[in-house]
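Okay, so here's the structure we're looking at.
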Amino acid sequence: MTPKELAVTAAKALDSKKGMEITVIDVGEQTSLADYFVICTGSSNTQINALCDAVEEAVNRSGEPTLHREGHRGGTWVLLDFGSVVVHVFSREARAFYDLERLWQDGTPLELSELLGE
């Protein structure tokens with residue numbers, strides 16, 4: 001699975017659990033940390049955990065292991081590291097505070113409307 005396919009798989013899993021404001025940014029030219037960041041907002045700690053579980057299940061099912069999961073106890077920002085793709089699931093307040101879209105504005109956002117049926 002290519003990094004882009006993995007990022008799209010994660011975005012679809014987030015969408016299936018009603019994740020909000022799903023964004024995928026190609027950051028491969030800006031950093032060696034990952035090729036793509038997937039960013040999503042959840043409405044509660046419970047939904048944030050459900051979103052992360054759905055992503056892990058979908059990506060792991062495709063043969064890609066979760067390398068690291070960080071922040072699950074705090075419930076305001078959970079990071080899932082799949083190597084070439086990093087998924088960030090935020091509460092609304094944490095997303096506004098960290099503003100990753102601004103930090104990684106030199107990256108290239110993927111158009112998701114057709115992929116997610118929006």
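Residues are referred to by chain and number: the chain letter is A, B, ... according to the order shown in the structure tokens, the number counts from 1 in that chain, and ligands are numbered separately from 1 in the order shown.
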Could you give me, as a compact mmCIF listing (two decimals) with N, CA, C and O atoms, in the first residue's frame, the residues within 6 Å of range 91-104 of chain A, counting only C-alpha atoms and dropping anything in the same chain fewer than 4 positions from it?
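Produced file selection20.txt, reproduced below:
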# COMPACT_ATOMS: atom_id res chain seq x y z
N THR A 41 -11.23 16.16 13.50
CA THR A 41 -11.79 16.63 14.76
C THR A 41 -12.87 15.67 15.22
O THR A 41 -13.69 15.23 14.42
N GLY A 42 -12.84 15.37 16.52
CA GLY A 42 -13.89 14.57 17.15
C GLY A 42 -14.65 15.42 18.14
O GLY A 42 -14.11 16.38 18.69
N THR A 76 -7.73 14.69 24.22
CA THR A 76 -7.89 15.91 23.44
C THR A 76 -7.10 15.88 22.14
O THR A 76 -7.39 16.62 21.22
Next on the checklist: Give me, as a count of residues only, all polymer residues having an atom no more than 7 Å from range 46-56 of chain A, counting only C-alpha atoms and skipping those fewer than 2 positions away in the same chain.
Outcome noted: 14
List the neighbours of Glu111 in chain A out to 10 Å using only C-alpha atoms; skip same-chain residues closer than 3 positions along the sequence, and give me the result as a short mmCIF file (atom, residue, chain, number, x, y, z; two decimals) with N, CA and C atoms, in the first residue's frame.
data_model
loop_
_atom_site.label_atom_id
_atom_site.label_comp_id
_atom_site.auth_asym_id
_atom_site.auth_seq_id
_atom_site.Cartn_x
_atom_site.Cartn_y
_atom_site.Cartn_z
N THR A 23 -8.82 16.37 6.97
CA THR A 23 -7.86 16.96 6.06
C THR A 23 -6.69 16.00 5.89
N VAL A 24 -6.23 15.86 4.67
CA VAL A 24 -5.01 15.09 4.39
C VAL A 24 -4.03 16.03 3.72
N ILE A 25 -2.82 16.12 4.28
CA ILE A 25 -1.80 17.02 3.75
C ILE A 25 -0.57 16.21 3.37
N THR A 108 0.87 19.99 0.56
CA THR A 108 -0.18 20.00 -0.46
C THR A 108 -1.40 19.24 0.05
N GLU A 114 -14.46 13.88 -3.46
CA GLU A 114 -14.90 12.71 -4.25
C GLU A 114 -14.62 11.41 -3.51
N LEU A 115 -13.53 11.34 -2.82
CA LEU A 115 -13.14 10.12 -2.10
C LEU A 115 -14.09 9.81 -0.95
N LEU A 116 -14.56 10.87 -0.30
CA LEU A 116 -15.43 10.68 0.87
C LEU A 116 -16.89 10.89 0.54
#
Next on the checklist: Quick check for you: according to DSSP on this backbone, which residues of chain A are classed as strand (DSSP E)? Reply as a list in words.
Outcome noted: Met20, Glu21, Ile22, Thr23, Val24, Ile25, Asp26, Tyr36, Phe37, Val38, Ile39, Cys40, Thr41, His68, Arg69, Glu70, Trp77, Val78, Leu79, Leu80, Asp81, Val85, Val86, Val87, His88, Val89, Phe90, Thr108 and Pro109 of chain A
Would you output that residue set with N, CA, C and O atoms, as a compact mmCIF listing (two decimals), in the first residue's frame?
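File written: selection-v2.txt
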# COMPACT_ATOMS: atom_id res chain seq x y z
N MET A 20 -15.03 14.94 11.85
CA MET A 20 -15.31 16.26 11.28
C MET A 20 -14.04 16.90 10.74
O MET A 20 -12.95 16.65 11.26
N GLU A 21 -14.20 17.72 9.70
CA GLU A 21 -13.11 18.53 9.15
C GLU A 21 -11.88 17.67 8.84
O GLU A 21 -10.77 17.99 9.23
N ILE A 22 -12.09 16.58 8.11
CA ILE A 22 -10.99 15.68 7.77
C ILE A 22 -10.12 16.33 6.70
O ILE A 22 -10.62 16.79 5.68
N THR A 23 -8.82 16.37 6.97
CA THR A 23 -7.86 16.96 6.06
C THR A 23 -6.69 16.00 5.89
O THR A 23 -6.23 15.41 6.85
N VAL A 24 -6.23 15.86 4.67
CA VAL A 24 -5.01 15.09 4.39
C VAL A 24 -4.03 16.03 3.72
O VAL A 24 -4.36 16.67 2.72
N ILE A 25 -2.82 16.12 4.28
CA ILE A 25 -1.80 17.02 3.75
C ILE A 25 -0.57 16.21 3.37
O ILE A 25 -0.04 15.45 4.19
N ASP A 26 -0.11 16.38 2.14
CA ASP A 26 1.14 15.78 1.68
C ASP A 26 2.28 16.64 2.20
O ASP A 26 2.45 17.78 1.77
N TYR A 36 2.45 11.89 4.71
CA TYR A 36 1.12 12.50 4.82
C TYR A 36 0.73 12.67 6.28
O TYR A 36 1.03 11.81 7.11
N PHE A 37 0.07 13.77 6.58
CA PHE A 37 -0.61 13.98 7.84
C PHE A 37 -2.11 13.92 7.55
O PHE A 37 -2.59 14.56 6.61
N VAL A 38 -2.82 13.17 8.35
CA VAL A 38 -4.28 13.13 8.30
C VAL A 38 -4.76 13.79 9.58
O VAL A 38 -4.35 13.39 10.68
N ILE A 39 -5.63 14.79 9.46
CA ILE A 39 -6.08 15.57 10.61
C ILE A 39 -7.60 15.52 10.66
O ILE A 39 -8.27 15.65 9.64
N CYS A 40 -8.13 15.33 11.88
CA CYS A 40 -9.58 15.19 12.05
C CYS A 40 -9.98 15.74 13.40
O CYS A 40 -9.19 15.75 14.34
N THR A 41 -11.23 16.16 13.50
CA THR A 41 -11.79 16.63 14.76
C THR A 41 -12.87 15.67 15.22
O THR A 41 -13.69 15.23 14.42
N HIS A 68 2.87 3.40 16.59
CA HIS A 68 2.77 4.07 17.90
C HIS A 68 1.42 4.78 18.01
O HIS A 68 0.92 5.32 17.02
N ARG A 69 0.87 4.74 19.21
CA ARG A 69 -0.35 5.50 19.52
C ARG A 69 -0.04 6.32 20.76
O ARG A 69 0.36 5.77 21.78
N GLU A 70 -0.23 7.61 20.66
CA GLU A 70 0.12 8.51 21.74
C GLU A 70 -1.05 9.41 22.09
O GLU A 70 -1.75 9.89 21.20
N TRP A 77 -6.09 15.01 22.07
CA TRP A 77 -5.28 14.86 20.86
C TRP A 77 -4.68 13.48 20.87
O TRP A 77 -3.94 13.13 21.77
N VAL A 78 -5.03 12.68 19.90
CA VAL A 78 -4.45 11.36 19.77
C VAL A 78 -3.67 11.32 18.45
O VAL A 78 -4.16 11.77 17.42
N LEU A 79 -2.46 10.79 18.53
CA LEU A 79 -1.61 10.66 17.36
C LEU A 79 -1.42 9.18 17.07
O LEU A 79 -1.09 8.40 17.97
N LEU A 80 -1.66 8.79 15.83
CA LEU A 80 -1.43 7.42 15.38
C LEU A 80 -0.33 7.46 14.33
O LEU A 80 -0.46 8.14 13.31
N ASP A 81 0.76 6.74 14.60
CA ASP A 81 1.90 6.74 13.69
C ASP A 81 1.94 5.43 12.91
O ASP A 81 2.05 4.36 13.50
N VAL A 85 2.55 7.69 7.29
CA VAL A 85 1.34 8.48 7.54
C VAL A 85 1.17 8.65 9.05
O VAL A 85 1.29 7.69 9.81
N VAL A 86 0.90 9.89 9.45
CA VAL A 86 0.61 10.18 10.86
C VAL A 86 -0.80 10.75 10.91
O VAL A 86 -1.12 11.71 10.20
N VAL A 87 -1.64 10.16 11.75
CA VAL A 87 -3.02 10.59 11.91
C VAL A 87 -3.14 11.35 13.22
O VAL A 87 -2.70 10.86 14.27
N HIS A 88 -3.72 12.54 13.16
CA HIS A 88 -3.95 13.37 14.34
C HIS A 88 -5.46 13.52 14.51
O HIS A 88 -6.14 14.00 13.61
N VAL A 89 -5.97 13.11 15.67
CA VAL A 89 -7.40 13.29 15.96
C VAL A 89 -7.49 14.19 17.18
O VAL A 89 -7.00 13.85 18.26
N PHE A 90 -8.14 15.33 16.99
CA PHE A 90 -8.20 16.38 18.00
C PHE A 90 -9.61 16.62 18.51
O PHE A 90 -10.58 16.40 17.78
N THR A 108 0.87 19.99 0.56
CA THR A 108 -0.18 20.00 -0.46
C THR A 108 -1.40 19.24 0.05
O THR A 108 -1.32 18.03 0.27
N PRO A 109 -2.53 19.93 0.27
CA PRO A 109 -3.73 19.22 0.71
C PRO A 109 -4.30 18.35 -0.41
O PRO A 109 -4.28 18.74 -1.58
Nearby residues (only C-alpha atoms) at most 9 Å from Glu64 in chain A, same-chain spacing under 3 positions excluded, as a compact mmCIF listing (two decimals) with all heavy atoms, in the first residue's frame:
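For reference, around-v1.txt as written:
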# COMPACT_ATOMS: atom_id res chain seq x y z
N MET A 1 0.85 -1.18 0.00
CA MET A 1 0.00 0.00 0.00
C MET A 1 0.89 1.24 0.00
O MET A 1 1.81 1.33 0.80
CB MET A 1 -0.90 -0.04 1.24
CG MET A 1 -1.76 1.16 1.42
SD MET A 1 -2.94 1.04 2.78
CE MET A 1 -4.17 0.02 2.05
N LEU A 6 -2.68 4.66 2.01
CA LEU A 6 -2.83 4.52 3.46
C LEU A 6 -3.54 5.75 4.05
O LEU A 6 -4.44 5.63 4.88
CB LEU A 6 -1.46 4.32 4.09
CG LEU A 6 -1.43 3.78 5.51
CD1 LEU A 6 -0.14 2.99 5.73
CD2 LEU A 6 -1.52 4.88 6.51
N VAL A 59 -6.56 0.35 8.81
CA VAL A 59 -5.18 0.34 8.31
C VAL A 59 -4.52 -1.00 8.62
O VAL A 59 -3.84 -1.57 7.77
CB VAL A 59 -4.39 1.53 8.88
CG1 VAL A 59 -2.92 1.43 8.53
CG2 VAL A 59 -4.97 2.85 8.37
N ASN A 60 -4.72 -1.52 9.83
CA ASN A 60 -4.13 -2.81 10.19
C ASN A 60 -4.69 -3.93 9.32
O ASN A 60 -3.97 -4.84 8.92
CB ASN A 60 -4.36 -3.13 11.66
CG ASN A 60 -3.62 -2.19 12.63
OD1 ASN A 60 -3.91 -2.17 13.80
ND2 ASN A 60 -2.67 -1.40 12.13
N ARG A 61 -5.97 -3.84 8.97
CA ARG A 61 -6.61 -4.83 8.10
C ARG A 61 -5.95 -4.84 6.72
O ARG A 61 -5.88 -5.87 6.06
CB ARG A 61 -8.10 -4.53 7.97
CG ARG A 61 -8.92 -5.66 7.39
CD ARG A 61 -10.44 -5.40 7.35
NE ARG A 61 -10.96 -4.49 8.32
CZ ARG A 61 -11.52 -3.30 8.02
NH1 ARG A 61 -11.65 -2.90 6.78
NH2 ARG A 61 -11.97 -2.52 8.98
N LEU A 67 2.53 1.77 14.40
CA LEU A 67 3.85 1.82 15.04
C LEU A 67 3.78 2.43 16.42
O LEU A 67 4.53 2.04 17.31
CB LEU A 67 4.83 2.60 14.16
CG LEU A 67 5.05 2.05 12.75
CD1 LEU A 67 5.98 2.95 11.97
CD2 LEU A 67 5.56 0.62 12.80
N PHE A 82 1.83 5.55 11.60
CA PHE A 82 1.91 4.39 10.70
C PHE A 82 3.18 4.47 9.85
O PHE A 82 3.26 3.83 8.80
CB PHE A 82 0.67 4.32 9.81
CG PHE A 82 -0.59 4.12 10.59
CD1 PHE A 82 -1.43 5.19 10.85
CD2 PHE A 82 -0.94 2.88 11.07
CE1 PHE A 82 -2.60 5.02 11.57
CE2 PHE A 82 -2.11 2.69 11.79
CZ PHE A 82 -2.94 3.77 12.05
Next on the checklist: Can you pull out the residues contacting Pro3 in chain A? Cut-off 9 Å, using only C-alpha atoms, and skip same-chain residues under 5 positions away; I want them as number ranges by chain.
Outcome noted: A: 8, 34-36, 83-85
Item to check | CA of Leu110 in chain A to CA of Ser62 in chain A, straight-line distance in Å | outcome: 20.8 Å
Next on the checklist: For the helix (DSSP H, G or I) assignment from backbone DSSP, which residues of chain A qualify? Please present them as JSON, numbers by chain.
Outcome noted: {"A": [3, 4, 5, 6, 7, 8, 9, 10, 11, 12, 13, 14, 15, 16, 45, 46, 47, 48, 49, 50, 51, 52, 53, 54, 55, 56, 57, 58, 59, 60, 61, 92, 93, 94, 95, 96, 97, 98, 100, 101, 102, 103, 113, 114, 115, 116]}
Those residues you just picked out, can you put them in a file as a short mmCIF file (atom, residue, chain, number, x, y, z; two decimals), in the first residue's frame with C-alpha atoms?
data_model
loop_
_atom_site.label_atom_id
_atom_site.label_comp_id
_atom_site.auth_asym_id
_atom_site.auth_seq_id
_atom_site.Cartn_x
_atom_site.Cartn_y
_atom_site.Cartn_z
CA PRO A 3 1.50 6.19 1.60
CA LYS A 4 -1.26 8.02 -0.29
CA GLU A 5 -3.49 4.92 -0.26
CA LEU A 6 -2.83 4.52 3.46
CA ALA A 7 -3.77 8.18 4.09
CA VAL A 8 -6.98 7.79 2.08
CA THR A 9 -7.82 4.58 3.98
CA ALA A 10 -7.42 6.47 7.25
CA ALA A 11 -9.55 9.37 5.98
CA LYS A 12 -12.32 6.99 4.91
CA ALA A 13 -12.25 5.28 8.32
CA LEU A 14 -12.56 8.67 10.03
CA ASP A 15 -15.43 9.60 7.74
CA SER A 16 -17.21 6.32 8.50
CA ASN A 45 -13.36 11.92 24.13
CA THR A 46 -15.52 8.92 23.35
CA GLN A 47 -15.75 9.81 19.66
CA ILE A 48 -12.02 10.58 19.46
CA ASN A 49 -11.25 7.10 20.77
CA ALA A 50 -13.79 5.52 18.39
CA LEU A 51 -12.25 7.42 15.45
CA CYS A 52 -8.78 6.20 16.36
CA ASP A 53 -9.97 2.62 16.81
CA ALA A 54 -11.63 2.73 13.37
CA VAL A 55 -8.45 4.03 11.71
CA GLU A 56 -6.28 1.42 13.39
CA GLU A 57 -8.66 -1.36 12.41
CA ALA A 58 -8.90 -0.25 8.77
CA VAL A 59 -5.18 0.34 8.31
CA ASN A 60 -4.13 -2.81 10.19
CA ARG A 61 -6.61 -4.83 8.10
CA ARG A 92 -12.13 21.13 18.55
CA GLU A 93 -10.22 23.23 21.10
CA ALA A 94 -6.95 21.33 20.72
CA ARG A 95 -7.13 21.50 16.93
CA ALA A 96 -7.58 25.26 17.03
CA PHE A 97 -4.73 25.61 19.56
CA TYR A 98 -2.16 23.50 17.67
CA LEU A 100 -1.35 22.01 12.27
CA GLU A 101 -2.79 23.20 8.98
CA ARG A 102 -1.04 26.54 9.50
CA LEU A 103 2.21 24.89 10.61
CA SER A 113 -14.65 15.43 -1.60
CA GLU A 114 -14.90 12.71 -4.25
CA LEU A 115 -13.14 10.12 -2.10
CA LEU A 116 -15.43 10.68 0.87
#
